[in-house]
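This is run-v6.txt. It holds compact mmCIF, C-alpha atoms and all ligand atoms.
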```txt
# COMPACT_ATOMS: atom_id res chain seq x y z
CA MET A 198 26.97 10.20 39.32
CA SER A 199 24.57 7.38 40.05
CA ILE A 200 25.52 4.89 42.76
CA ILE A 201 23.46 2.18 41.00
CA SER A 202 25.59 -0.54 39.38
CA LYS A 203 25.45 -4.19 38.32
CA ASP A 204 29.18 -4.73 38.95
CA ILE A 205 29.48 -7.63 41.42
CA GLN A 206 33.30 -7.31 41.55
CA LYS A 207 32.97 -3.72 42.73
CA ALA A 208 30.61 -4.91 45.49
CA VAL A 209 33.09 -7.65 46.48
CA HIS A 210 35.88 -5.05 46.65
CA LEU A 211 33.92 -2.59 48.80
CA LEU A 212 32.58 -5.27 51.17
CA THR A 213 36.04 -6.84 51.59
CA ASN A 214 37.35 -3.40 52.58
CA ASP A 215 34.96 -2.71 55.48
CA ASP A 216 32.51 -0.68 53.40
CA VAL A 217 28.73 -1.12 53.00
CA VAL A 218 26.81 -1.92 49.80
CA ALA A 219 23.05 -2.04 49.23
CA ILE A 220 22.09 -5.44 47.82
CA PRO A 221 18.96 -6.83 46.15
CA THR A 222 17.01 -9.67 47.72
CA GLU A 223 13.62 -11.10 46.85
CA THR A 224 12.08 -9.40 49.91
CA VAL A 225 13.48 -5.84 50.03
CA TYR A 226 16.89 -4.25 49.33
CA GLY A 227 19.36 -4.66 52.21
CA LEU A 228 22.22 -2.46 53.42
CA ALA A 229 24.99 -5.03 53.69
CA GLY A 230 28.32 -5.30 55.49
CA ASN A 231 30.82 -7.97 56.62
CA ILE A 232 29.47 -9.39 59.92
CA PHE A 233 33.03 -9.48 61.30
CA SER A 234 33.90 -5.86 60.43
CA GLU A 235 33.04 -3.50 63.28
CA THR A 236 33.60 -0.57 60.89
CA ALA A 237 31.08 -1.89 58.36
CA ILE A 238 28.47 -2.84 60.95
CA THR A 239 28.74 0.49 62.73
CA ARG A 240 28.32 2.19 59.35
CA ILE A 241 25.11 0.23 58.69
CA PHE A 242 23.63 1.47 61.97
CA SER A 243 24.75 5.08 61.48
CA THR A 244 23.61 5.25 57.81
CA LYS A 245 20.15 3.96 58.74
CA LYS A 246 20.05 5.87 62.06
CA ARG A 247 19.02 2.52 63.46
CA PRO A 248 19.17 2.08 67.24
CA PHE A 249 21.76 -0.49 68.41
CA PHE A 250 19.10 -2.45 70.32
CA ASN A 251 17.71 -3.59 66.96
CA PRO A 252 19.62 -6.73 65.81
CA LEU A 253 20.55 -7.50 62.17
CA ILE A 254 19.81 -10.50 59.94
CA VAL A 255 22.85 -12.52 58.80
CA HIS A 256 22.77 -13.61 55.13
CA ILE A 257 24.52 -16.80 54.01
CA SER A 258 24.55 -18.68 50.69
CA SER A 259 24.25 -22.34 51.78
CA ILE A 260 22.76 -24.46 54.58
CA ASP A 261 26.29 -25.79 55.23
CA ALA A 262 27.39 -22.30 56.29
CA LEU A 263 24.80 -22.37 59.09
CA GLN A 264 27.15 -24.38 61.35
CA ASN A 265 29.50 -21.39 61.53
CA ILE A 266 26.70 -19.09 62.67
CA VAL A 267 24.63 -21.12 65.16
CA THR A 268 25.28 -23.86 67.74
CA HIS A 269 21.99 -25.76 67.61
CA VAL A 270 19.43 -26.39 64.86
CA PRO A 271 16.12 -27.86 66.15
CA GLU A 272 14.51 -30.58 63.99
CA LYS A 273 11.71 -28.26 62.84
CA ALA A 274 14.26 -25.60 61.88
CA LYS A 275 15.99 -28.19 59.67
CA LEU A 276 12.67 -29.03 57.99
CA LEU A 277 11.95 -25.34 57.40
CA ALA A 278 15.44 -24.58 56.07
CA THR A 279 15.25 -27.50 53.65
CA ALA A 280 11.77 -26.51 52.49
CA PHE A 281 12.17 -22.74 52.14
CA TRP A 282 15.84 -21.78 51.66
CA PRO A 283 16.88 -19.93 49.60
CA GLY A 284 13.77 -17.92 50.43
CA SER A 285 11.98 -15.29 52.45
CA MET A 286 12.17 -16.97 55.86
CA THR A 287 14.56 -15.96 58.66
CA LEU A 288 15.38 -18.37 61.50
CA VAL A 289 16.43 -17.08 64.93
CA LEU A 290 18.73 -19.66 66.56
CA LYS A 291 21.33 -19.90 69.37
CA LYS A 292 24.36 -17.97 68.19
CA HIS A 293 27.92 -19.22 67.77
CA ALA A 294 30.42 -17.52 70.11
CA THR A 295 32.15 -15.95 67.09
CA ILE A 296 29.11 -13.88 66.07
CA PRO A 297 29.69 -10.29 67.28
CA ASP A 298 27.30 -8.82 69.89
CA LEU A 299 26.83 -5.79 67.63
CA ILE A 300 24.94 -8.04 65.16
CA THR A 301 22.65 -9.57 67.79
CA ALA A 302 22.16 -6.55 70.07
CA GLY A 303 23.79 -8.56 72.83
CA LYS A 304 21.29 -11.42 72.57
CA ASP A 305 22.42 -15.06 72.66
CA THR A 306 20.44 -15.72 69.46
CA VAL A 307 21.14 -14.71 65.86
CA ALA A 308 18.76 -14.20 62.92
CA VAL A 309 19.89 -15.90 59.69
CA ARG A 310 18.60 -16.61 56.18
CA ILE A 311 19.59 -17.56 52.62
CA PRO A 312 18.11 -14.90 50.33
CA ASN A 313 16.64 -16.00 47.01
CA HIS A 314 18.18 -13.58 44.56
CA PRO A 315 20.67 -14.76 41.91
CA LEU A 316 22.96 -11.69 42.09
CA THR A 317 23.20 -11.69 45.86
CA LEU A 318 23.76 -15.45 45.98
CA GLN A 319 26.63 -14.99 43.50
CA LEU A 320 27.99 -12.16 45.63
CA LEU A 321 27.82 -14.21 48.86
CA GLU A 322 29.59 -17.13 47.15
CA GLN A 323 32.50 -14.88 46.26
CA LEU A 324 32.91 -13.49 49.78
CA THR A 325 34.76 -15.22 52.61
CA PHE A 326 32.31 -13.89 55.22
CA PRO A 327 28.52 -13.65 55.66
CA LEU A 328 26.69 -10.34 55.25
CA ALA A 329 24.60 -8.57 57.85
CA ALA A 330 21.85 -6.71 56.00
CA PRO A 331 18.88 -4.85 57.47
CA SER A 332 16.55 -3.12 55.03
CA ALA A 333 18.26 -0.28 53.09
CA ASN A 334 16.08 2.57 54.36
CA PRO A 335 16.34 5.14 57.14
CA PHE A 336 15.02 3.59 60.35
CA GLY A 337 11.22 3.61 60.46
CA SER A 338 10.61 4.67 56.84
CA ILE A 339 9.20 2.72 53.87
CA SER A 340 11.40 -0.22 52.85
CA PRO A 341 13.07 -0.08 49.39
CA THR A 342 12.04 -2.54 46.68
CA THR A 343 14.04 -1.01 43.79
CA ALA A 344 17.62 0.29 43.44
CA ILE A 345 16.15 3.75 42.79
CA HIS A 346 14.37 3.75 46.17
CA VAL A 347 17.75 3.10 47.84
CA GLU A 348 19.44 5.81 45.79
CA GLN A 349 16.73 8.31 46.79
CA TYR A 350 17.45 7.58 50.46
CA PHE A 351 21.23 7.19 50.50
CA LYS A 352 22.90 8.69 47.40
CA ASN A 353 25.10 10.88 49.61
CA ASP A 354 25.84 8.22 52.20
CA ILE A 355 26.88 5.02 50.40
CA LYS A 356 29.03 4.23 47.35
CA MET A 357 26.99 1.52 45.68
CA VAL A 358 23.61 -0.15 45.18
CA LEU A 359 23.93 -3.50 43.42
CA ASP A 360 21.06 -3.36 40.92
CA GLY A 361 19.00 -6.54 40.89
CA GLY A 362 15.73 -5.09 39.58
CA SER A 363 12.44 -4.99 41.51
CA CYS A 364 12.12 -7.29 44.52
CA SER A 365 9.80 -10.16 43.55
CA LYS A 366 8.25 -10.66 47.01
CA GLY A 367 8.31 -7.02 48.07
CA ILE A 368 7.88 -7.33 51.85
CA GLU A 369 10.30 -8.43 54.56
CA SER A 370 11.02 -12.05 55.47
CA THR A 371 8.93 -14.02 57.94
CA ILE A 372 10.97 -14.39 61.16
CA ILE A 373 10.70 -17.65 63.13
CA GLY A 374 12.31 -18.18 66.54
CA PHE A 375 12.39 -21.27 68.78
CA GLU A 376 11.57 -21.85 72.42
CA ASN A 377 12.35 -25.34 73.73
CA ASP A 378 12.86 -26.31 70.08
CA GLU A 379 9.28 -25.31 69.18
CA PRO A 380 8.81 -22.65 66.48
CA ILE A 381 7.22 -19.27 67.18
CA ILE A 382 6.59 -16.58 64.56
CA TYR A 383 8.23 -13.32 65.63
CA ARG A 384 7.38 -11.35 62.51
CA LEU A 385 4.84 -12.08 59.77
CA GLY A 386 6.26 -11.58 56.30
CA ALA A 387 6.72 -12.70 52.73
CA LEU A 388 6.36 -16.42 53.49
CA ALA A 389 2.70 -17.06 54.39
CA LEU A 390 1.74 -18.81 57.63
CA GLU A 391 -0.19 -21.48 55.68
CA GLU A 392 2.98 -22.50 53.79
CA ILE A 393 4.94 -22.84 57.02
CA GLU A 394 2.19 -24.86 58.69
CA ALA A 395 2.03 -27.21 55.70
CA VAL A 396 5.60 -28.27 56.56
CA ILE A 397 5.72 -28.32 60.38
CA GLY A 398 2.09 -28.15 61.56
CA LYS A 399 0.46 -25.52 63.78
CA VAL A 400 2.73 -22.61 64.72
CA VAL A 401 2.24 -20.03 67.45
CA ILE A 402 2.41 -16.32 66.55
CA LYS A 403 3.82 -14.04 69.24
CA ASN A 404 1.31 -11.45 70.26
CA LYS A 405 2.21 -7.86 69.44
CA LYS A 406 3.40 -6.88 72.94
CA GLU A 407 5.70 -9.90 73.22
CA GLN A 408 6.98 -9.39 69.65
CA ASN A 409 8.40 -6.05 70.71
CA LEU A 410 10.57 -7.81 73.27
CA ASP A 411 11.69 -10.76 71.15
CA ALA A 412 12.13 -9.01 67.82
CA PRO A 413 13.05 -5.49 68.85
CA GLY A 414 12.47 -4.16 65.33
CA MET A 415 8.75 -4.72 65.68
CA LEU A 416 7.91 -1.19 66.73
CA ALA A 417 4.33 0.00 66.51
CA ARG A 418 5.25 2.69 63.99
CA HIS A 419 7.50 1.47 61.19
CA TYR A 420 7.47 1.26 57.38
CA ALA A 421 5.83 4.68 57.48
CA PRO A 422 5.24 7.26 54.71
CA LYS A 423 5.83 10.92 55.62
CA THR A 424 2.27 11.69 54.54
CA GLN A 425 -0.40 11.10 57.18
CA THR A 426 -1.83 7.67 56.39
CA PHE A 427 -5.00 5.91 57.58
CA LEU A 428 -5.91 2.23 57.41
CA VAL A 429 -9.64 1.54 57.03
CA ASP A 430 -12.14 -1.10 55.90
CA ASP A 431 -14.29 1.32 53.91
CA VAL A 432 -12.13 3.59 51.75
CA VAL A 433 -15.02 5.47 50.12
CA HIS A 434 -16.53 6.35 53.50
CA GLU A 435 -13.14 7.60 54.75
CA THR A 436 -12.47 9.78 51.66
CA LYS A 437 -15.72 11.68 52.38
CA LYS A 438 -14.21 12.87 55.67
CA HIS A 439 -11.29 14.49 53.81
CA LEU A 440 -13.08 16.35 50.99
CA GLY A 441 -11.16 19.42 49.85
CA LYS A 442 -7.83 17.76 50.66
CA LYS A 443 -5.39 16.14 48.24
CA ILE A 444 -6.13 12.46 48.81
CA GLY A 445 -4.16 9.36 47.85
CA VAL A 446 -5.84 5.96 47.97
CA LEU A 447 -4.23 2.51 48.19
CA VAL A 448 -6.60 -0.38 47.45
CA PHE A 449 -6.26 -4.13 46.92
CA HIS A 450 -7.94 -4.97 43.59
CA GLN A 451 -11.00 -2.86 42.92
CA SER A 452 -10.92 0.81 42.00
CA LYS A 453 -12.79 2.81 44.67
CA CYS A 454 -12.54 6.45 43.62
CA ASP A 455 -12.35 8.02 40.18
CA ASP A 456 -11.23 11.58 39.63
CA PHE A 457 -10.95 13.28 43.00
CA CYS A 458 -7.98 11.31 44.33
CA ILE A 459 -4.75 9.66 43.21
CA GLU A 460 -5.39 5.94 43.45
CA VAL A 461 -3.13 2.89 43.28
CA VAL A 462 -4.74 -0.52 42.72
CA LEU A 463 -2.21 -3.08 44.02
CA SER A 464 -3.41 -6.09 42.03
CA ASP A 465 -6.11 -5.95 39.33
CA LYS A 466 -6.35 -9.72 39.43
CA ALA A 467 -6.73 -9.80 43.24
CA SER A 468 -3.45 -11.67 43.81
CA LEU A 469 -2.10 -11.20 47.35
CA GLN A 470 1.38 -12.08 46.06
CA GLU A 471 1.23 -9.35 43.42
CA ALA A 472 -0.21 -6.87 45.94
CA ALA A 473 2.67 -7.56 48.38
CA ALA A 474 5.23 -7.13 45.59
CA ASN A 475 3.71 -3.73 44.67
CA LEU A 476 2.98 -2.46 48.20
CA TYR A 477 6.12 -0.46 49.05
CA SER A 478 6.54 0.93 45.52
CA ALA A 479 2.99 2.22 45.73
CA MET A 480 3.68 3.76 49.15
CA HIS A 481 6.86 5.44 47.83
CA HIS A 482 4.90 6.72 44.82
CA LEU A 483 2.03 8.17 46.86
CA ASP A 484 4.43 9.66 49.39
CA HIS A 485 6.03 11.70 46.57
CA GLN A 486 2.75 13.24 45.30
CA ASN A 487 2.48 16.07 47.86
CA LEU A 488 -0.73 14.66 49.24
CA ASP A 489 -2.48 15.78 52.43
CA VAL A 490 -3.55 12.28 53.31
CA ILE A 491 -3.21 8.64 52.17
CA ILE A 492 -6.08 6.24 52.80
CA ALA A 493 -5.20 2.53 52.68
CA GLU A 494 -7.67 -0.31 52.44
CA ARG A 495 -7.42 -3.18 54.94
CA PHE A 496 -6.69 -6.55 53.27
CA PRO A 497 -8.52 -9.86 53.77
CA GLU A 498 -7.00 -11.58 56.85
CA LYS A 499 -5.69 -14.64 55.04
CA GLY A 500 -2.34 -15.73 53.59
CA LEU A 501 -0.11 -12.79 52.68
CA GLY A 502 -3.04 -10.48 53.45
CA ILE A 503 -2.18 -10.92 57.15
CA SER A 504 1.44 -9.82 56.54
CA ILE A 505 0.33 -6.88 54.37
CA ASN A 506 -2.11 -5.73 57.09
CA ASP A 507 0.71 -5.96 59.64
CA ARG A 508 2.87 -3.59 57.53
CA LEU A 509 -0.04 -1.24 56.79
CA GLN A 510 -0.93 -1.08 60.46
CA ARG A 511 2.60 0.00 61.36
CA ALA A 512 2.59 2.54 58.48
CA THR A 513 -0.68 4.15 59.44
CA VAL A 514 -2.93 5.62 62.03
CA ALA A 515 -5.52 2.88 62.63
CA LEU A 516 -9.11 4.10 62.92
P1 LIG A 601 15.18 -5.69 59.04
O1 LIG A 601 16.28 -6.47 58.44
O2 LIG A 601 15.34 -4.22 59.01
O3 LIG A 601 13.87 -6.13 58.48
O4 LIG A 601 15.17 -6.05 60.57
C1 LIG A 601 15.59 -7.29 61.07
C2 LIG A 601 14.58 -7.84 62.01
O5 LIG A 601 15.07 -9.07 62.55
C3 LIG A 601 14.34 -6.92 63.19
O6 LIG A 601 12.96 -6.67 63.28
C4 LIG A 601 14.83 -7.68 64.38
O7 LIG A 601 14.01 -7.47 65.49
C5 LIG A 601 14.80 -9.14 63.93
N1 LIG A 601 15.89 -9.89 64.57
C6 LIG A 601 17.16 -9.88 64.23
N2 LIG A 601 17.90 -10.63 65.10
C7 LIG A 601 17.05 -11.12 66.00
C8 LIG A 601 17.19 -11.95 67.16
N3 LIG A 601 18.36 -12.42 67.56
N4 LIG A 601 16.08 -12.23 67.86
C9 LIG A 601 14.89 -11.75 67.45
N5 LIG A 601 14.69 -10.96 66.39
C10 LIG A 601 15.75 -10.65 65.67
MG MG A 602 13.66 -2.73 58.21
```

Translate this file's structure into structure tokens.
Ligand code: AMP
Ligand code: MG
Amino acid sequence: MSIISKDIQKAVHLLTNDDVVAIPTETVYGLAGNIFSETAITRIFSTKKRPFFNPLIVHISSIDALQNIVTHVPEKAKLLATAFWPGSMTLVLKKHATIPDLITAGKDTVAVRIPNHPLTLQLLEQLTFPLAAPSANPFGSISPTTAIHVEQYFKNDIKMVLDGGSCSKGIESTIIGFENDEPIIYRLGALALEEIEAVIGKVVIKNKKEQNLDAPGMLARHYAPKTQTFLVDDVVHETKKHLGKKIGVLVFHQSKCDDFCIEVVLSDKASLQEAAANLYSAMHHLDHQNLDVIIAERFPEKGLGISINDRLQRATVAL
């Protein structure tokens, strides 16, 4: 029997009884549990085979609820929350004493956001506790952007995926931390840097080495297909090196190869937003075609293109 369901009451029941449920958000599907239930949180880590040093994002349904999660909200965090919540931005702030160490990997900060998905907002409003929800995929693999992706990963491990359709943004949230009340981007994501800077001015991005320390989920290899994958500027040139193999190609907007490979064009109209929304579905699709190699095209380094390149880099062997 399928674990996919639209029954919010069933999700409320499971979550209230220390179980986990996969939930839709606008970024990717999450594997959710009550932040105060050690049983549920432990189950999230064991289902994903996620190491305990990797903290979870707490999901709430209103800015008012923030005061129960964190002790201090810097001015620029208030501006960001007002501008972008509900939305694909996560803030890392000083944690309230009541937030379990299991959620924060022992850190004195906690990651929190209001997701922008009507079903999950309804679900959160009916619960008496916030939800911790990392992406609903085995640790290190491609993130899920449909209920079917989650079912393919976890049909034997969890009881329910709340079906909210395809994720409209399609890549993870942008994570912003604070040092001396000044914002620093820990992880690039579905909210573009330009949009953030339009609200609070210039923002620093942590360099890759430092990111690994501050956002422990930022491992060099992550979001990865099982098929060997390369990230290149010139797709056509790269395909010539793999003649005779079964090749998959992932390109932004312009078809690059005709009959000798399986190709996915992420956005015919060259929209970075559309390409981001289609990215993981395309990676899931190509990864199921029994290919020898996937060749992905590097995106323009602007707007969401920067976030897409970040994910592709972690999914691939850079040349
Ligand atoms: P996921 O939900 O799977 O996309 O992963 C959550 C991400 O949030 C991970 O990459 C974590 O490193 C990051 N994160 C969660 N809590 C914190 C925190 N307290 N400080 C820094 N990064 C965090
Ligand atoms: Mg993840």

Do a neighbour search on A:Thr513 at 9 Å with all atoms listed in the file, toss out local chain neighbours closer than 6 positions, and write the hits as a list in words.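 Answer for this query is Arg418, His419, Tyr420, Ala421, Pro422, Gln425, Thr426, Phe427, Leu428, Ile491, Ile492 and Ala493 of chain A.
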
Kindly work out which residues sit at most 8 Å from ligand MG 602 (chain A), using all atoms listed in the file, and give the list as a list in words.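 Those residues are Pro331, Ser332, Ala333, Asn334, Phe336, Gly337, Ser340, Glu369, Gly414 and Tyr420 of chain A.
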
Name all residues at most 9 Å from A:Val433 (count only C-alpha atoms; drop same-chain ones fewer than 4 positions away) and give them as a ChimeraX atom specification. /A:437,453-454

Hey, can you spit out that residue selection with C-alpha atoms as a short mmCIF file (atom, residue, chain, number, x, y, z; two decimals), keeping the file's coordinate frame?
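Writing done, so here's selection01.cif:
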```cif
data_model
loop_
_atom_site.label_atom_id
_atom_site.label_comp_id
_atom_site.auth_asym_id
_atom_site.auth_seq_id
_atom_site.Cartn_x
_atom_site.Cartn_y
_atom_site.Cartn_z
CA LYS A 437 -15.72 11.68 52.38
CA LYS A 453 -12.79 2.81 44.67
CA CYS A 454 -12.54 6.45 43.62
#
```

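Residue nearest A:Met357, chosen from A:Asp261, A:Asp216, A:Glu322, A:Glu498 and counting only C-alpha atoms: A:Asp216.
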
Would you mind listing, for every residue of chain A within 8 Å of ligand LIG 601 (chain A), the two atoms forming the shortest contact and the distance between them in Å to one decimal, using all atoms listed in the file, sorted by chain and ascending residue number, as a Markdown table?
```
| residue | atom | partner | partner_atom | distance |
| --- | --- | --- | --- | --- |
| A:Gly227 | CA | A:LIG601 | O1 | 7.2 |
| A:Asn251 | CA | A:LIG601 | O7 | 5.6 |
| A:Pro252 | CA | A:LIG601 | C6 | 4.3 |
| A:Leu253 | CA | A:LIG601 | C6 | 4.6 |
| A:Ile254 | CA | A:LIG601 | C6 | 5.1 |
| A:Thr287 | CA | A:LIG601 | O5 | 7.9 |
| A:Val289 | CA | A:LIG601 | C8 | 5.6 |
| A:Leu290 | CA | A:LIG601 | N3 | 7.3 |
| A:Ile300 | CA | A:LIG601 | N2 | 7.5 |
| A:Thr301 | CA | A:LIG601 | N3 | 5.2 |
| A:Ala302 | CA | A:LIG601 | N3 | 7.4 |
| A:Lys304 | CA | A:LIG601 | N3 | 5.9 |
| A:Asp305 | CA | A:LIG601 | N3 | 7.0 |
| A:Thr306 | CA | A:LIG601 | N3 | 4.3 |
| A:Val307 | CA | A:LIG601 | N3 | 4.0 |
| A:Ala308 | CA | A:LIG601 | N2 | 4.3 |
| A:Val309 | CA | A:LIG601 | N2 | 7.8 |
| A:Ala330 | CA | A:LIG601 | O1 | 6.1 |
| A:Pro331 | CA | A:LIG601 | O1 | 3.2 |
| A:Ser332 | CA | A:LIG601 | O2 | 4.3 |
| A:Ala333 | CA | A:LIG601 | O2 | 7.7 |
| A:Phe336 | CA | A:LIG601 | O2 | 7.9 |
| A:Glu369 | CA | A:LIG601 | O3 | 5.8 |
| A:Ser370 | CA | A:LIG601 | O3 | 7.2 |
| A:Ile372 | CA | A:LIG601 | O5 | 6.9 |
| A:Gly374 | CA | A:LIG601 | C9 | 7.0 |
| A:Tyr383 | CA | A:LIG601 | N5 | 6.9 |
| A:Arg384 | CA | A:LIG601 | O6 | 7.3 |
| A:Asn409 | CA | A:LIG601 | O7 | 7.8 |
| A:Asp411 | CA | A:LIG601 | C9 | 5.0 |
| A:Ala412 | CA | A:LIG601 | O7 | 3.4 |
| A:Pro413 | CA | A:LIG601 | O7 | 4.0 |
| A:Gly414 | CA | A:LIG601 | O6 | 3.3 |
| A:Met415 | CA | A:LIG601 | O6 | 5.2 |
```

Atom completion result for stretch 275-286 of chain A (N, CA, C and O atoms) as an mmCIF file, keeping the file's coordinate frame:
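Here's the written file rebuild.cif:
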```
data_model
loop_
_atom_site.group_PDB
_atom_site.id
_atom_site.type_symbol
_atom_site.label_atom_id
_atom_site.label_comp_id
_atom_site.auth_asym_id
_atom_site.auth_seq_id
_atom_site.Cartn_x
_atom_site.Cartn_y
_atom_site.Cartn_z
ATOM 1 N N LYS A 275 15.379 -27.486 60.821
ATOM 2 C CA LYS A 275 15.990 -28.190 59.670
ATOM 3 C C LYS A 275 14.945 -28.395 58.573
ATOM 4 O O LYS A 275 15.215 -28.187 57.390
ATOM 5 N N LEU A 276 13.744 -28.817 58.988
ATOM 6 C CA LEU A 276 12.670 -29.030 57.990
ATOM 7 C C LEU A 276 12.364 -27.725 57.253
ATOM 8 O O LEU A 276 12.211 -27.703 56.029
ATOM 9 N N LEU A 277 12.281 -26.640 58.012
ATOM 10 C CA LEU A 277 11.950 -25.340 57.400
ATOM 11 C C LEU A 277 13.053 -24.882 56.458
ATOM 12 O O LEU A 277 12.782 -24.417 55.345
ATOM 13 N N ALA A 278 14.312 -25.018 56.905
ATOM 14 C CA ALA A 278 15.440 -24.580 56.070
ATOM 15 C C ALA A 278 15.454 -25.362 54.759
ATOM 16 O O ALA A 278 15.643 -24.789 53.675
ATOM 17 N N THR A 279 15.239 -26.669 54.857
ATOM 18 C CA THR A 279 15.250 -27.500 53.650
ATOM 19 C C THR A 279 14.096 -27.113 52.717
ATOM 20 O O THR A 279 14.255 -27.060 51.500
ATOM 21 N N ALA A 280 12.943 -26.821 53.312
ATOM 22 C CA ALA A 280 11.770 -26.510 52.490
ATOM 23 C C ALA A 280 11.839 -25.116 51.852
ATOM 24 O O ALA A 280 11.414 -24.931 50.717
ATOM 25 N N PHE A 281 12.374 -24.141 52.576
ATOM 26 C CA PHE A 281 12.170 -22.740 52.140
ATOM 27 C C PHE A 281 13.430 -21.955 51.795
ATOM 28 O O PHE A 281 13.337 -20.808 51.370
ATOM 29 N N TRP A 282 14.626 -22.512 52.028
ATOM 30 C CA TRP A 282 15.840 -21.780 51.660
ATOM 31 C C TRP A 282 16.382 -22.260 50.339
ATOM 32 O O TRP A 282 16.391 -23.481 50.110
ATOM 33 N N PRO A 283 16.902 -21.393 49.469
ATOM 34 C CA PRO A 283 16.880 -19.930 49.600
ATOM 35 C C PRO A 283 15.425 -19.423 49.570
ATOM 36 O O PRO A 283 14.631 -19.906 48.768
ATOM 37 N N GLY A 284 15.133 -18.440 50.414
ATOM 38 C CA GLY A 284 13.770 -17.920 50.430
ATOM 39 C C GLY A 284 13.533 -16.939 51.552
ATOM 40 O O GLY A 284 14.422 -16.650 52.357
ATOM 41 N N SER A 285 12.269 -16.449 51.603
ATOM 42 C CA SER A 285 11.980 -15.290 52.450
ATOM 43 C C SER A 285 11.566 -15.692 53.863
ATOM 44 O O SER A 285 10.527 -15.266 54.361
ATOM 45 N N MET A 286 12.381 -16.547 54.473
ATOM 46 C CA MET A 286 12.170 -16.970 55.860
ATOM 47 C C MET A 286 13.473 -16.810 56.628
ATOM 48 O O MET A 286 14.524 -17.268 56.190
#
```
